[in-house]
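Structure file entry.cif with mmCIF, C-alpha atoms:
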data_model
#
loop_
_atom_site.group_PDB
_atom_site.id
_atom_site.type_symbol
_atom_site.label_atom_id
_atom_site.label_comp_id
_atom_site.auth_asym_id
_atom_site.auth_seq_id
_atom_site.Cartn_x
_atom_site.Cartn_y
_atom_site.Cartn_z
ATOM 1 C CA MET Q 1 103.949 -33.906 15.176
ATOM 2 C CA SER Q 2 101.841 -36.984 15.570
ATOM 3 C CA ALA Q 3 102.699 -39.794 13.149
ATOM 4 C CA ASP Q 4 99.021 -40.323 12.338
ATOM 5 C CA ARG Q 5 98.992 -36.987 10.486
ATOM 6 C CA TYR Q 6 101.404 -38.363 7.915
ATOM 7 C CA THR Q 7 98.870 -40.449 6.008
ATOM 8 C CA GLY Q 8 98.252 -40.434 2.292
ATOM 9 C CA ALA Q 9 94.709 -39.138 2.875
ATOM 10 C CA ASP Q 10 95.981 -36.245 4.990
ATOM 11 C CA LEU Q 11 98.590 -35.421 2.362
ATOM 12 C CA CYS Q 12 95.902 -35.308 -0.355
ATOM 13 C CA ASP Q 13 93.673 -33.110 1.831
ATOM 14 C CA PHE Q 14 96.599 -30.759 2.403
ATOM 15 C CA LEU Q 15 97.377 -30.512 -1.324
ATOM 16 C CA TYR Q 16 93.716 -30.015 -2.214
ATOM 17 C CA GLY Q 17 93.610 -27.165 0.295
ATOM 18 C CA LEU Q 18 96.699 -25.573 -1.247
ATOM 19 C CA ALA Q 19 95.080 -25.629 -4.677
ATOM 20 C CA THR Q 20 91.742 -24.356 -3.374
ATOM 21 C CA ARG Q 21 93.176 -21.561 -1.251
ATOM 22 C CA GLN Q 22 95.944 -20.818 -3.774
ATOM 23 C CA GLU Q 23 98.582 -20.760 -1.032
ATOM 24 C CA ILE Q 24 101.119 -21.753 -3.668
ATOM 25 C CA ASP Q 25 100.909 -21.569 -7.443
ATOM 26 C CA ARG Q 26 97.612 -23.288 -8.276
ATOM 27 C CA SER Q 27 98.888 -25.307 -11.239
ATOM 28 C CA SER Q 28 101.786 -26.524 -9.095
ATOM 29 C CA ALA Q 29 99.444 -27.569 -6.290
ATOM 30 C CA LYS Q 30 97.233 -29.413 -8.772
ATOM 31 C CA ALA Q 31 100.240 -31.171 -10.295
ATOM 32 C CA TYR Q 32 101.449 -32.279 -6.849
ATOM 33 C CA LEU Q 33 97.964 -33.510 -5.978
ATOM 34 C CA HIS Q 34 97.584 -35.399 -9.255
ATOM 35 C CA ALA Q 35 100.994 -37.062 -8.897
ATOM 36 C CA THR Q 36 100.241 -37.964 -5.289
ATOM 37 C CA LYS Q 37 96.929 -39.592 -6.205
ATOM 38 C CA VAL Q 38 98.553 -41.565 -9.016
ATOM 39 C CA VAL Q 39 101.405 -42.769 -6.787
ATOM 40 C CA LEU Q 40 99.080 -43.623 -3.888
ATOM 41 C CA GLY Q 41 96.821 -45.420 -6.354
ATOM 42 C CA SER Q 42 99.485 -48.110 -6.706
ATOM 43 C CA VAL Q 43 98.534 -49.307 -3.225
ATOM 44 C CA PRO Q 44 95.523 -51.675 -3.284
ATOM 45 C CA THR Q 45 93.669 -49.632 -0.652
ATOM 46 C CA GLY Q 46 94.234 -46.396 -2.557
ATOM 47 C CA GLY Q 47 96.990 -45.316 -0.182
ATOM 48 C CA GLY Q 48 94.792 -43.247 2.103
ATOM 49 C CA SER Q 49 96.125 -44.808 5.278
ATOM 50 C CA ILE Q 50 99.711 -45.300 4.118
ATOM 51 C CA ASP Q 51 102.434 -43.617 6.177
ATOM 52 C CA VAL Q 52 104.164 -40.858 4.207
ATOM 53 C CA GLY Q 53 106.168 -39.672 7.186
ATOM 54 C CA GLY Q 54 109.270 -41.811 6.830
ATOM 55 C CA GLU Q 55 111.797 -42.041 4.028
ATOM 56 C CA GLY Q 56 111.705 -45.839 4.086
ATOM 57 C CA ALA Q 57 107.955 -45.923 3.511
ATOM 58 C CA ILE Q 58 108.206 -43.355 0.710
ATOM 59 C CA SER Q 59 111.029 -45.216 -1.053
ATOM 60 C CA ALA Q 60 109.093 -48.483 -0.833
ATOM 61 C CA LEU Q 61 105.936 -46.815 -2.166
ATOM 62 C CA LEU Q 62 107.787 -45.225 -5.089
ATOM 63 C CA SER Q 63 109.509 -48.516 -5.929
ATOM 64 C CA ARG Q 64 106.141 -50.253 -5.967
ATOM 65 C CA PHE Q 65 104.642 -47.476 -8.103
ATOM 66 C CA GLU Q 66 107.465 -47.703 -10.645
ATOM 67 C CA ALA Q 67 107.354 -51.491 -10.838
ATOM 68 C CA GLU Q 68 103.573 -51.500 -11.291
ATOM 69 C CA HIS Q 69 103.480 -48.730 -13.919
ATOM 70 C CA ARG Q 70 106.677 -49.376 -15.907
ATOM 71 C CA GLU Q 71 104.666 -50.554 -18.919
ATOM 72 C CA LYS Q 72 101.986 -47.860 -18.667
ATOM 73 C CA TYR Q 73 104.142 -44.718 -18.414
ATOM 74 C CA SER Q 74 107.316 -43.545 -20.103
ATOM 75 C CA ASP Q 75 110.493 -43.252 -18.036
ATOM 76 C CA ASP Q 76 110.180 -39.446 -18.057
ATOM 77 C CA THR Q 77 106.599 -39.594 -16.807
ATOM 78 C CA LEU Q 78 107.551 -41.997 -14.013
ATOM 79 C CA LYS Q 79 110.390 -39.698 -13.009
ATOM 80 C CA THR Q 80 108.047 -36.684 -13.003
ATOM 81 C CA TYR Q 81 105.428 -38.412 -10.848
ATOM 82 C CA LYS Q 82 108.041 -39.581 -8.354
ATOM 83 C CA SER Q 83 109.665 -36.154 -8.158
ATOM 84 C CA ARG Q 84 106.353 -34.350 -7.658
ATOM 85 C CA PHE Q 85 105.304 -36.851 -5.003
ATOM 86 C CA ARG Q 86 108.562 -36.245 -3.102
ATOM 87 C CA VAL Q 87 108.071 -32.472 -3.287
ATOM 88 C CA ALA Q 88 104.466 -32.854 -2.089
ATOM 89 C CA VAL Q 89 105.613 -34.884 0.917
ATOM 90 C CA ALA Q 90 108.399 -32.382 1.665
ATOM 91 C CA LEU Q 91 105.879 -29.515 1.529
ATOM 92 C CA TYR Q 92 103.550 -31.332 3.890
ATOM 93 C CA ARG Q 93 106.311 -32.238 6.344
ATOM 94 C CA ALA Q 94 107.615 -28.660 6.409
ATOM 95 C CA TYR Q 95 104.085 -27.360 6.969
ATOM 96 C CA LEU Q 96 103.394 -29.805 9.813
ATOM 97 C CA ASP Q 97 106.763 -29.034 11.401
ATOM 98 C CA GLY Q 98 105.841 -25.328 11.515
ATOM 99 C CA ASP Q 99 108.614 -24.242 9.165
ATOM 100 C CA PRO Q 100 107.848 -20.582 8.368
ATOM 101 C CA ASN Q 101 109.393 -21.053 4.904
ATOM 102 C CA TRP Q 102 107.445 -24.219 4.042
ATOM 103 C CA LYS Q 103 106.118 -22.718 0.801
ATOM 104 C CA ALA Q 104 109.668 -22.330 -0.531
ATOM 105 C CA VAL Q 105 109.845 -26.114 -0.944
ATOM 106 C CA ALA Q 106 107.598 -25.779 -4.011
ATOM 107 C CA LYS Q 107 108.613 -23.847 -7.076
ATOM 108 C CA PRO Q 108 106.073 -22.750 -9.701
ATOM 109 C CA PHE Q 109 106.166 -24.856 -12.834
ATOM 110 C CA THR Q 110 107.379 -23.449 -16.104
ATOM 111 C CA ARG Q 111 105.366 -23.669 -19.317
ATOM 112 C CA GLU Q 112 107.318 -26.811 -20.229
ATOM 113 C CA ASP Q 113 106.448 -28.398 -16.864
ATOM 114 C CA THR Q 114 102.776 -27.587 -17.329
ATOM 115 C CA ALA Q 115 102.804 -29.177 -20.782
ATOM 116 C CA LEU Q 116 104.133 -32.379 -19.226
ATOM 117 C CA MET Q 117 101.616 -32.385 -16.376
ATOM 118 C CA PHE Q 118 99.263 -34.903 -17.945
ATOM 119 C CA ALA Q 119 101.493 -36.164 -20.718
ATOM 120 C CA ASP Q 120 101.207 -39.819 -19.800
ATOM 121 C CA ARG Q 121 102.170 -41.495 -23.006
ATOM 122 C CA PRO Q 122 100.498 -44.865 -23.251
ATOM 123 C CA ARG Q 123 102.515 -47.466 -25.054
ATOM 124 C CA PRO Q 124 100.642 -49.071 -27.935
ATOM 125 C CA THR Q 125 100.049 -52.796 -27.734
ATOM 126 C CA ASP Q 126 100.616 -53.422 -31.444
ATOM 127 C CA GLY Q 127 104.378 -52.891 -31.218
ATOM 128 C CA SER Q 128 104.406 -49.461 -32.871
ATOM 129 C CA ARG Q 129 106.121 -46.591 -31.147
ATOM 130 C CA LEU Q 130 104.793 -43.119 -30.452
ATOM 131 C CA VAL Q 131 106.643 -39.832 -30.549
ATOM 132 C CA ALA Q 132 105.431 -36.880 -28.468
ATOM 133 C CA TYR Q 133 105.221 -33.533 -30.259
ATOM 134 C CA ASP Q 134 104.573 -30.300 -28.382
ATOM 135 C CA LEU Q 135 102.458 -27.978 -30.497
ATOM 136 C CA PRO Q 136 102.143 -24.291 -29.571
ATOM 137 C CA LEU Q 137 98.473 -24.028 -30.530
ATOM 138 C CA ARG Q 138 98.070 -20.479 -29.285
ATOM 139 C CA GLN Q 139 100.358 -18.033 -27.517
ATOM 140 C CA ASP Q 140 99.185 -19.260 -24.102
ATOM 141 C CA LEU Q 141 98.464 -22.906 -24.924
ATOM 142 C CA LEU Q 142 100.823 -25.778 -25.596
ATOM 143 C CA VAL Q 143 99.331 -29.167 -26.480
ATOM 144 C CA ARG Q 144 101.008 -32.533 -26.807
ATOM 145 C CA LEU Q 145 100.326 -34.904 -29.677
ATOM 146 C CA ASN Q 146 101.438 -38.527 -29.452
ATOM 147 C CA LEU Q 147 101.824 -39.825 -32.983
ATOM 148 C CA PRO Q 148 103.232 -43.040 -34.446
ATOM 149 C CA VAL Q 149 106.879 -43.016 -35.486
ATOM 150 C CA ASP Q 150 105.796 -44.318 -38.879
ATOM 151 C CA LEU Q 151 103.042 -41.717 -39.435
ATOM 152 C CA ASN Q 152 102.019 -41.716 -43.091
ATOM 153 C CA HIS Q 153 100.020 -39.237 -45.189
ATOM 154 C CA ALA Q 154 96.777 -41.192 -44.851
ATOM 155 C CA ASP Q 155 97.135 -41.148 -41.057
ATOM 156 C CA ALA Q 156 97.897 -37.421 -41.096
ATOM 157 C CA ASP Q 157 94.894 -36.683 -43.323
ATOM 158 C CA ARG Q 158 92.586 -38.685 -41.060
ATOM 159 C CA ILE Q 159 93.881 -36.903 -37.936
ATOM 160 C CA ALA Q 160 93.536 -33.501 -39.623
ATOM 161 C CA ALA Q 161 89.938 -34.268 -40.669
ATOM 162 C CA PHE Q 162 89.089 -35.400 -37.156
ATOM 163 C CA VAL Q 163 90.577 -32.280 -35.569
ATOM 164 C CA ARG Q 164 88.754 -30.050 -38.085
ATOM 165 C CA SER Q 165 85.494 -31.713 -37.039
ATOM 166 C CA LEU Q 166 86.074 -30.634 -33.431
ATOM 167 C CA ALA Q 167 86.297 -26.891 -34.130
ATOM 168 C CA PHE Q 168 83.398 -24.651 -33.098
ATOM 169 C CA ASP Q 169 84.218 -21.701 -35.341
ATOM 170 C CA GLU Q 170 81.434 -20.338 -37.478
ATOM 171 C CA VAL Q 171 82.128 -21.093 -41.127
ATOM 172 C CA ALA Q 172 81.175 -18.353 -43.556
ATOM 173 C CA PRO Q 173 78.880 -19.610 -46.344
ATOM 174 C CA ASP Q 174 80.453 -19.749 -49.800
ATOM 175 C CA ALA Q 175 79.490 -16.739 -51.864
#

Give the structure from this file in structure tokens form.
Amino acid sequence: MSADRYTGADLCDFLYGLATRQEIDRSSAKAYLHATKVVLGSVPTGGGSIDVGGEGAISALLSRFEAEHREKYSDDTLKTYKSRFRVAVALYRAYLDGDPNWKAVAKPFTREDTALMFADRPRPTDGSRLVAYDLPLRQDLLVRLNLPVDLNHADADRIAAFVRSLAFDEVAPDA
């Protein structure tokens, strides 16, 4: 294959196509695309022309990504982005190389993986720490709450009131 087909822009186009055509699990394709855009975003030009064909270039890109985002993302989130980016590149390489089993490189995400997909936990600037809680809101929906380690009753009441204000359910009038 031609080396010019191993660019960040081509990789993103490939992943977008996978999600659109549902050639692999759609949530997996979206997660790979999101991680790829975040990792490529650590390059000043947006990473569109960066070479993703060689291991050296990928390792350098991931090192730069980690160094640039160490304060923004938790260690687990960094690890997830890097892993998904590597899988995305492996998928793309296998596809370009004509491997008939290229789709086997990707495995569908579990419910836990999906819950972590956009779980970037920002670190507060005031020195407090956050703890992530996964809340099974409904049978088919898991949400993540990032709350302070030192959450007090006043904080909890304020959060509860805010969340209640977001609900669209019809409230029956008092009889």

Specify as a PDB file with C-alpha atoms, in the frame of the given file each residue included when the PyMOL selection byres ((chain Q and resi 23) around 12) is applied to this file.
ATOM      1  CA  PHE Q  14      96.599 -30.759   2.403  1.00  0.00           C
ATOM      2  CA  LEU Q  15      97.377 -30.512  -1.324  1.00  0.00           C
ATOM      3  CA  TYR Q  16      93.716 -30.015  -2.214  1.00  0.00           C
ATOM      4  CA  GLY Q  17      93.610 -27.165   0.295  1.00  0.00           C
ATOM      5  CA  LEU Q  18      96.699 -25.573  -1.247  1.00  0.00           C
ATOM      6  CA  ALA Q  19      95.080 -25.629  -4.677  1.00  0.00           C
ATOM      7  CA  THR Q  20      91.742 -24.356  -3.374  1.00  0.00           C
ATOM      8  CA  ARG Q  21      93.176 -21.561  -1.251  1.00  0.00           C
ATOM      9  CA  GLN Q  22      95.944 -20.818  -3.774  1.00  0.00           C
ATOM     10  CA  ILE Q  24     101.119 -21.753  -3.668  1.00  0.00           C
ATOM     11  CA  ASP Q  25     100.909 -21.569  -7.443  1.00  0.00           C
ATOM     12  CA  ARG Q  26      97.612 -23.288  -8.276  1.00  0.00           C
ATOM     13  CA  SER Q  27      98.888 -25.307 -11.239  1.00  0.00           C
ATOM     14  CA  SER Q  28     101.786 -26.524  -9.095  1.00  0.00           C
ATOM     15  CA  ALA Q  29      99.444 -27.569  -6.290  1.00  0.00           C
ATOM     16  CA  LYS Q  30      97.233 -29.413  -8.772  1.00  0.00           C
ATOM     17  CA  LEU Q  91     105.879 -29.515   1.529  1.00  0.00           C
ATOM     18  CA  TYR Q  95     104.085 -27.360   6.969  1.00  0.00           C
ATOM     19  CA  TRP Q 102     107.445 -24.219   4.042  1.00  0.00           C
ATOM     20  CA  LYS Q 103     106.118 -22.718   0.801  1.00  0.00           C
ATOM     21  CA  ALA Q 104     109.668 -22.330  -0.531  1.00  0.00           C
ATOM     22  CA  ALA Q 106     107.598 -25.779  -4.011  1.00  0.00           C
ATOM     23  CA  PRO Q 108     106.073 -22.750  -9.701  1.00  0.00           C
TER      24      PRO Q 108
END

In Å, how far is it from atom CA of Leu135 of chain Q to atom CA of Asp75 of chain Q?
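A separation of 21.3 Å between them.
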
Go through the shown structure with the PyMOL selection byres ((chain Q and resi 63) around 12) and write out the matching residues as a PyMOL selection string.
chain Q and resi 39-40+42-43+56-62+64-70+78-79+81-82

Using all atoms listed in the file, find the one residue out of Q:Ala88, Q:Leu145, Q:Ala132, Q:Leu151 that sits nearest to Val163 of chain Q.
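With all atoms listed in the file as the atom set, the closest residue is Q:Leu145.
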
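Shortest atom-to-atom contact with Leu33 of chain Q among Q:Phe162, Q:Phe85, Q:Tyr92, Q:Tyr133: Q:Phe85, counting only C-alpha atoms.
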
Which residue gives the smallest distance to Leu147 of chain Q among Q:Val131, Q:Leu166, Q:Ala161, Q:Ile50, with all atoms listed in the file counted?
Q:Val131

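Of the residues under consideration (Q:Asp76, Q:Asp157, Q:Glu71, Q:Asp51), Q:Asp51 shows the shortest atom-to-atom contact distance to Ala9 of chain Q when counting all atoms listed in the file.
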
Atomic distance atom CA of Leu96 of chain Q - atom CA of Leu11 of chain Q, expressed in Å with one decimal:
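Separation between atom CA of Leu96 of chain Q and atom CA of Leu11 of chain Q: 10.5 Å.
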
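Nearest-residue note for Val38 of chain Q: choosing from Q:Pro136, Q:Gly8, Q:Pro148, Q:Gly98, the minimum distance belongs to Q:Gly8, counting all atoms listed in the file.
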